[in-house]
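Colleague: What follows is start-v9.cif, made up of mmCIF, C-alpha atoms and all ligand atoms:
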```cif
data_protein
#
loop_
_atom_site.label_atom_id
_atom_site.label_comp_id
_atom_site.auth_asym_id
_atom_site.auth_seq_id
_atom_site.Cartn_x
_atom_site.Cartn_y
_atom_site.Cartn_z
CA MET E 1 39.86 45.21 -25.78
CA ASN E 2 42.29 47.27 -23.72
CA ALA E 3 45.88 46.11 -23.24
CA ARG E 4 45.26 45.02 -19.66
CA GLU E 5 42.50 42.69 -20.90
CA VAL E 6 44.74 41.33 -23.67
CA ARG E 7 47.42 40.45 -21.12
CA LYS E 8 44.88 38.92 -18.74
CA THR E 9 43.15 36.90 -21.47
CA PHE E 10 46.48 35.45 -22.63
CA LEU E 11 47.80 34.52 -19.19
CA SER E 12 44.45 33.13 -17.98
CA PHE E 13 44.04 31.03 -21.12
CA PHE E 14 47.38 29.31 -20.56
CA GLU E 15 46.75 28.94 -16.82
CA GLU E 16 43.52 27.14 -17.71
CA HIS E 17 45.68 24.82 -19.81
CA GLY E 18 48.03 23.84 -16.99
CA HIS E 19 50.70 26.55 -17.30
CA THR E 20 52.28 28.13 -14.22
CA ARG E 21 52.08 31.93 -14.31
CA VAL E 22 55.59 33.25 -13.67
CA PRO E 23 56.39 36.96 -13.10
CA SER E 24 58.44 38.87 -15.67
CA SER E 25 62.16 38.81 -14.97
CA SER E 26 64.24 42.01 -14.94
CA VAL E 27 65.11 43.67 -18.27
CA LEU E 28 68.74 43.20 -17.14
CA PRO E 29 69.55 39.51 -17.53
CA HIS E 30 71.17 38.02 -14.44
CA GLY E 31 74.06 35.60 -14.84
CA ASP E 32 73.95 35.65 -18.66
CA LYS E 33 76.81 37.52 -20.30
CA THR E 34 75.51 36.73 -23.80
CA LEU E 35 72.77 39.39 -23.59
CA LEU E 36 72.76 43.16 -22.92
CA PHE E 37 69.03 43.21 -22.22
CA THR E 38 66.28 40.63 -21.84
CA ASN E 39 65.14 40.18 -25.44
CA ALA E 40 62.48 37.44 -25.10
CA GLY E 41 60.27 35.64 -22.64
CA MET E 42 62.40 32.50 -22.87
CA ASN E 43 65.56 34.14 -21.48
CA GLN E 44 64.71 33.43 -17.86
CA PHE E 45 64.11 29.77 -18.77
CA LYS E 46 67.26 29.27 -20.87
CA ASP E 47 68.73 26.65 -18.51
CA TYR E 48 65.45 24.71 -18.48
CA PHE E 49 65.63 24.36 -22.27
CA THR E 50 69.30 23.33 -22.33
CA GLY E 51 68.86 20.87 -19.44
CA ARG E 52 71.41 22.69 -17.22
CA GLU E 53 68.63 23.13 -14.63
CA LYS E 54 65.65 20.92 -13.81
CA PRO E 55 62.39 22.79 -14.62
CA ARG E 56 60.25 23.60 -11.56
CA PHE E 57 57.14 23.12 -13.73
CA PRO E 58 56.56 21.52 -17.14
CA ARG E 59 54.64 24.53 -18.57
CA ALA E 60 54.81 28.27 -17.91
CA THR E 61 53.25 31.52 -19.11
CA THR E 62 54.60 35.06 -18.72
CA ALA E 63 54.25 38.69 -19.73
CA GLN E 64 57.92 39.58 -20.06
CA LYS E 65 59.45 43.08 -20.17
CA CYS E 66 61.82 43.14 -23.16
CA ILE E 67 64.28 45.63 -24.65
CA ARG E 68 65.48 45.11 -28.21
CA ALA E 69 68.13 47.78 -28.71
CA GLY E 70 71.42 45.97 -29.16
CA GLY E 71 72.72 42.52 -30.00
CA LYS E 72 71.00 40.04 -32.33
CA HIS E 73 67.51 41.50 -31.92
CA ASN E 74 67.83 45.26 -32.39
CA ASP E 75 64.88 47.40 -33.50
CA LEU E 76 66.26 50.79 -32.44
CA ASP E 77 66.64 52.34 -35.89
CA ASN E 78 63.13 51.33 -36.98
CA VAL E 79 61.35 52.95 -34.06
CA GLY E 80 59.28 55.94 -35.10
CA TYR E 81 59.29 55.05 -38.79
CA THR E 82 57.05 51.98 -38.74
CA THR E 83 53.71 51.31 -37.08
CA ARG E 84 55.04 48.27 -35.22
CA HIS E 85 58.61 48.53 -33.91
CA LEU E 86 59.43 49.34 -30.30
CA THR E 87 62.63 49.12 -28.28
CA PHE E 88 60.62 48.31 -25.14
CA PHE E 89 57.65 45.97 -25.31
CA GLU E 90 55.89 43.24 -23.38
CA MET E 91 56.14 39.74 -24.78
CA LEU E 92 53.32 37.36 -23.90
CA GLY E 93 54.56 33.79 -23.96
CA ASN E 94 53.75 30.16 -23.27
CA PHE E 95 56.49 27.62 -22.68
CA SER E 96 56.77 23.86 -22.60
CA PHE E 97 59.93 22.40 -21.11
CA GLY E 98 59.98 19.01 -22.82
CA ASP E 99 56.24 18.62 -22.25
CA TYR E 100 53.99 19.36 -25.27
CA PHE E 101 55.39 20.17 -28.70
CA LYS E 102 54.21 21.43 -32.10
CA GLU E 103 50.70 20.01 -32.22
CA ASP E 104 49.50 21.41 -28.90
CA ALA E 105 51.36 24.71 -29.38
CA ILE E 106 49.58 25.27 -32.69
CA ALA E 107 46.19 24.18 -31.35
CA PHE E 108 46.51 26.52 -28.33
CA ALA E 109 47.58 29.45 -30.51
CA TRP E 110 44.77 28.99 -33.01
CA GLU E 111 42.09 28.70 -30.33
CA LEU E 112 43.32 31.78 -28.47
CA VAL E 113 43.66 33.98 -31.56
CA THR E 114 40.48 32.98 -33.37
CA LYS E 115 38.12 32.09 -30.50
CA ARG E 116 39.17 34.09 -27.42
CA PHE E 117 40.53 37.13 -29.26
CA GLY E 118 37.99 36.63 -32.06
CA ILE E 119 40.23 37.43 -35.02
CA SER E 120 38.68 36.08 -38.21
CA PRO E 121 40.71 33.29 -39.86
CA SER E 122 40.10 35.13 -43.15
CA ARG E 123 42.60 37.79 -41.99
CA LEU E 124 45.30 35.35 -40.90
CA TRP E 125 48.37 33.95 -42.65
CA ILE E 126 50.90 31.45 -41.35
CA THR E 127 54.61 31.15 -42.05
CA VAL E 128 56.64 28.00 -41.36
CA PHE E 129 60.30 27.09 -41.77
CA ARG E 130 60.52 25.83 -45.35
CA ASP E 131 61.80 22.35 -44.35
CA ASP E 132 59.18 21.94 -41.63
CA GLY E 133 56.52 19.87 -43.42
CA GLU E 134 55.31 18.63 -40.04
CA ALA E 135 54.30 22.15 -38.87
CA ARG E 136 52.63 22.84 -42.22
CA GLU E 137 50.61 19.63 -41.88
CA ILE E 138 49.56 20.43 -38.30
CA TRP E 139 48.32 23.89 -39.31
CA ARG E 140 46.19 22.21 -41.97
CA LYS E 141 44.93 19.32 -39.90
CA VAL E 142 44.56 20.79 -36.42
CA ALA E 143 43.69 24.40 -37.25
CA GLY E 144 42.08 23.86 -40.65
CA VAL E 145 44.21 26.55 -42.32
CA GLY E 146 44.14 26.34 -46.13
CA ALA E 147 47.42 25.31 -47.81
CA GLU E 148 47.44 28.58 -49.80
CA ARG E 149 47.72 30.56 -46.56
CA ILE E 150 50.74 28.68 -45.22
CA VAL E 151 53.99 30.10 -46.54
CA GLY E 152 57.40 28.42 -46.19
CA LEU E 153 60.33 30.78 -45.58
CA GLY E 154 64.07 30.39 -44.90
CA GLU E 155 66.30 30.71 -41.83
CA LYS E 156 66.27 34.52 -41.80
CA ASP E 157 62.51 34.59 -41.15
CA ASN E 158 61.63 31.24 -39.65
CA PHE E 159 64.50 30.01 -37.52
CA TRP E 160 64.69 31.73 -34.15
CA SER E 161 67.66 32.03 -31.81
CA MET E 162 67.99 34.19 -28.71
CA GLY E 163 71.52 35.31 -29.63
CA ASP E 164 74.79 34.10 -31.12
CA THR E 165 74.61 31.15 -28.74
CA GLY E 166 71.80 29.43 -26.83
CA PRO E 167 68.51 27.62 -27.47
CA CYS E 168 67.08 27.90 -30.98
CA GLY E 169 64.80 26.17 -33.46
CA PRO E 170 62.49 26.47 -36.46
CA CYS E 171 59.52 28.74 -35.89
CA SER E 172 56.08 29.49 -37.23
CA GLU E 173 54.54 32.96 -37.26
CA ILE E 174 50.93 34.12 -37.25
CA LEU E 175 50.42 37.21 -39.38
CA VAL E 176 47.41 39.50 -39.78
CA ASP E 177 46.85 40.81 -43.32
CA ARG E 178 46.04 44.50 -42.94
CA GLY E 179 44.96 44.83 -46.58
CA ASP E 180 45.86 46.85 -49.65
CA ALA E 181 46.05 50.13 -47.75
CA TYR E 182 49.35 48.83 -46.32
CA GLY E 183 51.01 48.10 -49.65
CA PRO E 184 51.53 45.13 -51.91
CA ALA E 185 50.67 41.58 -50.88
CA ASP E 186 54.30 40.60 -50.45
CA MET E 187 55.41 38.52 -47.47
CA ASP E 188 58.40 40.82 -46.98
CA ASN E 189 56.00 43.71 -46.39
CA GLY E 190 55.80 43.56 -42.59
CA GLU E 191 53.49 46.56 -42.40
CA ARG E 192 50.87 44.67 -44.40
CA PHE E 193 51.55 41.11 -43.15
CA PHE E 194 51.74 42.10 -39.53
CA GLU E 195 53.33 39.52 -37.23
CA ILE E 196 51.43 39.02 -33.99
CA TRP E 197 52.82 35.75 -32.66
CA ASN E 198 55.91 33.61 -33.11
CA LEU E 199 55.85 29.95 -32.09
CA VAL E 200 59.36 28.56 -31.70
CA PHE E 201 59.90 24.81 -31.81
CA MET E 202 62.98 24.70 -29.60
CA GLN E 203 65.22 21.85 -30.64
CA PHE E 204 68.88 22.93 -30.63
CA ASP E 205 71.56 24.67 -28.59
CA GLN E 206 73.61 27.01 -30.79
CA LYS E 207 77.33 26.88 -29.93
CA ALA E 208 79.89 29.66 -30.38
CA ASP E 209 81.74 27.60 -33.03
CA GLY E 210 78.61 27.60 -35.22
CA SER E 211 77.58 24.01 -34.50
CA ARG E 212 74.19 23.07 -33.05
CA SER E 213 73.55 20.24 -30.61
CA PRO E 214 70.08 18.84 -29.97
CA LEU E 215 68.33 19.95 -26.77
CA PRO E 216 67.61 17.13 -24.30
CA ARG E 217 63.88 17.37 -25.15
CA PRO E 218 61.99 19.26 -27.87
CA SER E 219 60.31 22.26 -26.23
CA ILE E 220 58.09 25.24 -26.96
CA ASP E 221 58.78 28.96 -26.63
CA THR E 222 56.34 31.53 -27.99
CA GLY E 223 56.27 35.31 -28.15
CA MET E 224 53.29 37.56 -28.84
CA GLY E 225 53.79 41.33 -28.77
CA LEU E 226 51.25 42.77 -26.33
CA GLU E 227 51.33 46.17 -28.05
CA ARG E 228 50.78 44.60 -31.48
CA MET E 229 47.90 42.44 -30.33
CA ALA E 230 46.32 45.47 -28.61
CA MET E 231 46.68 47.38 -31.87
CA VAL E 232 44.90 44.69 -33.90
CA LEU E 233 42.11 44.26 -31.33
CA GLN E 234 41.60 48.01 -30.90
CA GLY E 235 41.37 48.47 -34.69
CA VAL E 236 43.97 51.26 -34.76
CA ASP E 237 46.74 51.77 -37.30
CA SER E 238 49.80 51.77 -35.09
CA VAL E 239 50.99 50.52 -31.72
CA PHE E 240 51.39 54.20 -30.81
CA GLU E 241 47.62 54.68 -31.11
CA THR E 242 46.79 51.98 -28.55
CA ASP E 243 45.78 52.72 -24.97
CA LEU E 244 49.35 51.85 -23.94
CA PHE E 245 50.72 54.95 -25.67
CA ARG E 246 47.88 57.45 -25.80
CA LYS E 247 48.79 59.25 -22.58
CA LEU E 248 52.50 59.37 -23.39
CA ILE E 249 51.90 60.81 -26.85
CA HIS E 250 49.50 63.35 -25.36
CA ARG E 251 52.09 64.40 -22.78
CA VAL E 252 54.70 64.85 -25.54
CA GLU E 253 52.17 67.06 -27.34
CA GLN E 254 51.66 69.15 -24.19
CA ILE E 255 55.36 69.59 -23.45
CA THR E 256 56.39 70.37 -27.04
CA GLY E 257 53.25 72.29 -28.04
CA THR E 258 53.18 70.17 -31.21
CA ARG E 259 50.17 68.10 -32.28
CA TYR E 260 50.78 64.42 -32.97
CA ASP E 261 50.64 63.37 -36.61
CA SER E 262 50.32 59.69 -37.56
CA GLY E 263 52.54 60.33 -40.64
CA ALA E 264 56.15 61.48 -40.96
CA ALA E 265 55.70 64.55 -38.76
CA GLY E 266 54.88 62.24 -35.83
CA VAL E 267 58.25 60.46 -35.78
CA PRO E 268 59.56 62.51 -32.81
CA HIS E 269 56.45 61.82 -30.70
CA ARG E 270 56.78 58.10 -31.41
CA VAL E 271 60.51 57.99 -30.73
CA ILE E 272 60.23 59.91 -27.46
CA SER E 273 57.31 57.87 -26.17
CA ASP E 274 58.99 54.54 -26.99
CA HIS E 275 62.44 55.51 -25.72
CA ILE E 276 61.14 56.87 -22.45
CA ARG E 277 59.55 53.49 -21.75
CA SER E 278 62.85 51.66 -22.39
CA LEU E 279 64.82 54.07 -20.25
CA THR E 280 62.30 54.04 -17.42
CA PHE E 281 62.13 50.26 -17.22
CA ALA E 282 65.92 49.88 -17.56
CA PHE E 283 66.60 52.44 -14.81
CA ALA E 284 63.90 50.92 -12.59
CA ASP E 285 65.65 47.56 -12.91
CA GLY E 286 68.98 49.13 -11.90
CA ALA E 287 70.80 50.10 -15.14
CA GLU E 288 72.59 53.43 -15.64
CA PRO E 289 73.83 55.29 -18.72
CA SER E 290 77.60 54.92 -19.19
CA ASN E 291 80.37 54.72 -21.78
CA GLU E 292 80.24 51.03 -22.51
CA GLY E 293 78.06 48.00 -23.05
CA ARG E 294 74.53 48.23 -21.78
CA GLY E 295 75.01 51.72 -20.31
CA TYR E 296 76.22 53.00 -23.67
CA VAL E 297 73.12 51.64 -25.41
CA LEU E 298 70.98 53.52 -22.87
CA ARG E 299 72.96 56.67 -23.57
CA ARG E 300 72.31 56.24 -27.31
CA ILE E 301 68.58 55.77 -26.65
CA LEU E 302 68.57 58.91 -24.51
CA ARG E 303 70.41 60.94 -27.15
CA ARG E 304 68.15 59.67 -29.92
CA ALA E 305 65.08 60.66 -27.89
N1 LIG Y 401 61.23 33.78 -28.39
C1 LIG Y 401 60.33 34.00 -29.43
C2 LIG Y 401 60.42 35.32 -30.08
O1 LIG Y 401 61.09 36.19 -29.56
O2 LIG Y 401 59.87 35.56 -31.09
#
```
Can the structure in the file be given as structure tokens, please?
Ligand code: GLY
Modeller:
Amino acid sequence: MNAREVRKTFLSFFEEHGHTRVPSSSVLPHGDKTLLFTNAGMNQFKDYFTGREKPRFPRATTAQKCIRAGGKHNDLDNVGYTTRHLTFFEMLGNFSFGDYFKEDAIAFAWELVTKRFGISPSRLWITVFRDDGEAREIWRKVAGVGAERIVGLGEKDNFWSMGDTGPCGPCSEILVDRGDAYGPADMDNGERFFEIWNLVFMQFDQKADGSRSPLPRPSIDTGMGLERMAMVLQGVDSVFETDLFRKLIHRVEQITGTRYDSGAAGVPHRVISDHIRSLTFAFADGAEPSNEGRGYVLRRILRRA
């Protein structure tokens, strides 16, 4: 399935289930000084979650342009060295603003992944926040996932927040086991247990003083990496081998006269093709390289490329 079909399948599925399709917002967050770049699909809906603004619809779905190269979510130094990290990527998401909660979010995710995308449950693992017995139970009851495939982890892995402040909550991830070729069966091995989707059960607003207050209504925020899902569905080893990157990598080969290598020698091809996407989307949305803040991050990306 090509990436365009992955995006379409995701958005159409949630439209069929009553979600309003909303365009991606800019990669430069407007009116939010807590972020350098848009780092998740939920950013544009932050005030809906906190109750500062009345939601225009109870459910939404988006394909959001994201840049993770600064702040709390920063993947810059990993890019090129793993098969899965990108500074620019598209996050497919479904959102409930005080409408449905854990049970429906899990049921939707399981149906989409196993039925529409056709990934065999035998390849899938689930993580939940270790104190979230409710989520564990729903995965067993609603999705029929065996208890041995549901792993409880701590805050570092299974509690999501957009930044130092803002909406946050326990989360549950869907992982694809890529098998022994990708190293030991250890949950910390992200190359083997490959995260495709994160379901966040939004419940709190993180304050600058470290305290958390409950959100007006429990809500749902999810994020699936388009490039990662395309990789799994295209049966290739790396996001850089998907149809989203093939032309860019080929162009880097042409300009440098150096063949792409999926191992260590291919790091430069991967770095250049990722960074040029970040820079292009950031410039298109109005950013410029400079000596500080967001502009400085862009300058670092440019220099690294
Ligand atoms: N907002 C969900 C995620 O970024 O994983």
Colleague: All residues within 10 Å of ligand LIG 401 (chain Y) are required, counting all atoms listed in the file; please report them as a PyMOL selection string.
Modeller: chain E and resi 39-43+66+73+91-95+158-162+167-169+171-173+195-202+220-225
Colleague: Would you work out the distance separating CA of Lys141 (chain E) from CA of Asp177 (chain E), expressed in Å to one decimal?
Modeller: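 Computed distance, CA of Lys141 (chain E) to CA of Asp177 (chain E), equals 21.8 Å.
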Colleague: Quick one: everything within 10 Å of Glu227 (chain E), counting only C-alpha atoms, minus sequence neighbours fewer than 5 positions away in the same chain. Send it as a list in words.
Modeller: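 My reading of the contact set: Ala3, Val6, Arg7, Arg84, His85, Leu86, Phe88, Phe89, Glu90, Met91, Leu92, Ile196, Val232, Leu233, Ser238, Val239, Phe240, Glu241, Thr242, Asp243, Leu244 and Phe245 of chain E.
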Colleague: Between CA of Gln234 (chain E) and CA of Met1 (chain E), measure the distance and give it in Å to one decimal.
Modeller: 6.1 Å
Colleague: Which residue out of E:Val236, E:Val151, E:Ile255, E:Leu76 has the minimum interatomic distance to Gly133 (chain E) when all atoms listed in the file are used?
Modeller: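 So, comparing all the options, the nearest one is E:Val151.
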Colleague: Could you tell me how far CA of Ile150 (chain E) sits from CA of Leu175 (chain E), in Å to one decimal place?
Modeller: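 Computing it gives 10.3 Å between the two atoms.
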Colleague: Between E:Leu279, E:Ala63, E:Ile249, E:Ala305, which residue has the minimum interatomic distance to Leu28 (chain E), considering all atoms listed in the file?
Modeller: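 Of all the options, E:Leu279 lies closest to Leu28 (chain E).
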Colleague: Write out as a PyMOL selection string which residues come within 12 Å of Gly263 (chain E) when counting all atoms listed in the file, dropping same-chain ones fewer than 5 positions away.
Modeller: chain E and resi 80-83+237-238+240+268-270
Colleague: Here is a test: counting only C-alpha atoms, which residue of E:Gly98, E:Gly179, E:Gly146, E:Gly266 is nearest to Arg192 (chain E)?
Modeller: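 The shortest atom-to-atom distance to Arg192 (chain E) comes from E:Gly179.
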Colleague: Tell me, as number ranges by chain, which residues lie within 7 Å of region 207-217 of chain E, counting all atoms listed in the file; anything in the same chain fewer than 6 positions away does not count.
Modeller: E: 49-51, 98, 164-166
Colleague: Suppose we keep C-alpha atoms; can you now write the selection as a PDB file, keeping the file's coordinate frame?
Modeller:
```
ATOM      1  CA  PHE E  49      65.630  24.360 -22.270  1.00  0.00           C
ATOM      2  CA  THR E  50      69.300  23.330 -22.330  1.00  0.00           C
ATOM      3  CA  GLY E  51      68.860  20.870 -19.440  1.00  0.00           C
ATOM      4  CA  GLY E  98      59.980  19.010 -22.820  1.00  0.00           C
ATOM      5  CA  ASP E 164      74.790  34.100 -31.120  1.00  0.00           C
ATOM      6  CA  THR E 165      74.610  31.150 -28.740  1.00  0.00           C
ATOM      7  CA  GLY E 166      71.800  29.430 -26.830  1.00  0.00           C
TER       8      GLY E 166
END
```
Colleague: May I ask which of the residues E:Leu226, E:Thr20, E:Glu111, E:Val271 is the closest one to Leu248 (chain E), counting all atoms listed in the file?
Modeller: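 Ranking E:Leu226, E:Thr20, E:Glu111, E:Val271 by distance to Leu248 (chain E), first place goes to E:Val271.
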Colleague: Between E:Phe101, E:Gly295, E:Ile174, E:Thr258, which has the minimum distance to Val128 (chain E) (counting only C-alpha atoms)?
Modeller: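 Going through E:Phe101, E:Gly295, E:Ile174, E:Thr258 one by one, the smallest distance to Val128 (chain E) is for E:Ile174.
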Colleague: Taking all atoms listed in the file into account, name the residue in E:Val142, E:Val22, E:Gly31, E:Trp125 that is nearest to Asp186 (chain E).
Modeller: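 Of all the options, E:Trp125 lies closest to Asp186 (chain E).
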Colleague: Extract, using only C-alpha atoms, all DNA, RNA and protein residues at most 8 Å from Pro55 (chain E), discarding same-chain residues fewer than 3 positions from it, and format them as a list in words.
Modeller: Tyr48, Pro58 and Phe97 of chain E
Colleague: I'd like the neighbourhood of Ser25 (chain E) as JSON, numbers by chain, where a residue qualifies if any of its atoms comes within 8 Å (using all atoms listed in the file), though same-chain residues fewer than 6 positions away should be ignored.
Modeller: {"E": [44, 64, 65]}
Colleague: May I have the residues from that selection written out with C-alpha atoms, as a CSV table (one decimal), in the coordinates of the input?
Modeller:
```csv
chain,number,residue,atom,x,y,z
E,44,GLN,CA,64.7,33.4,-17.9
E,64,GLN,CA,57.9,39.6,-20.1
E,65,LYS,CA,59.4,43.1,-20.2
```
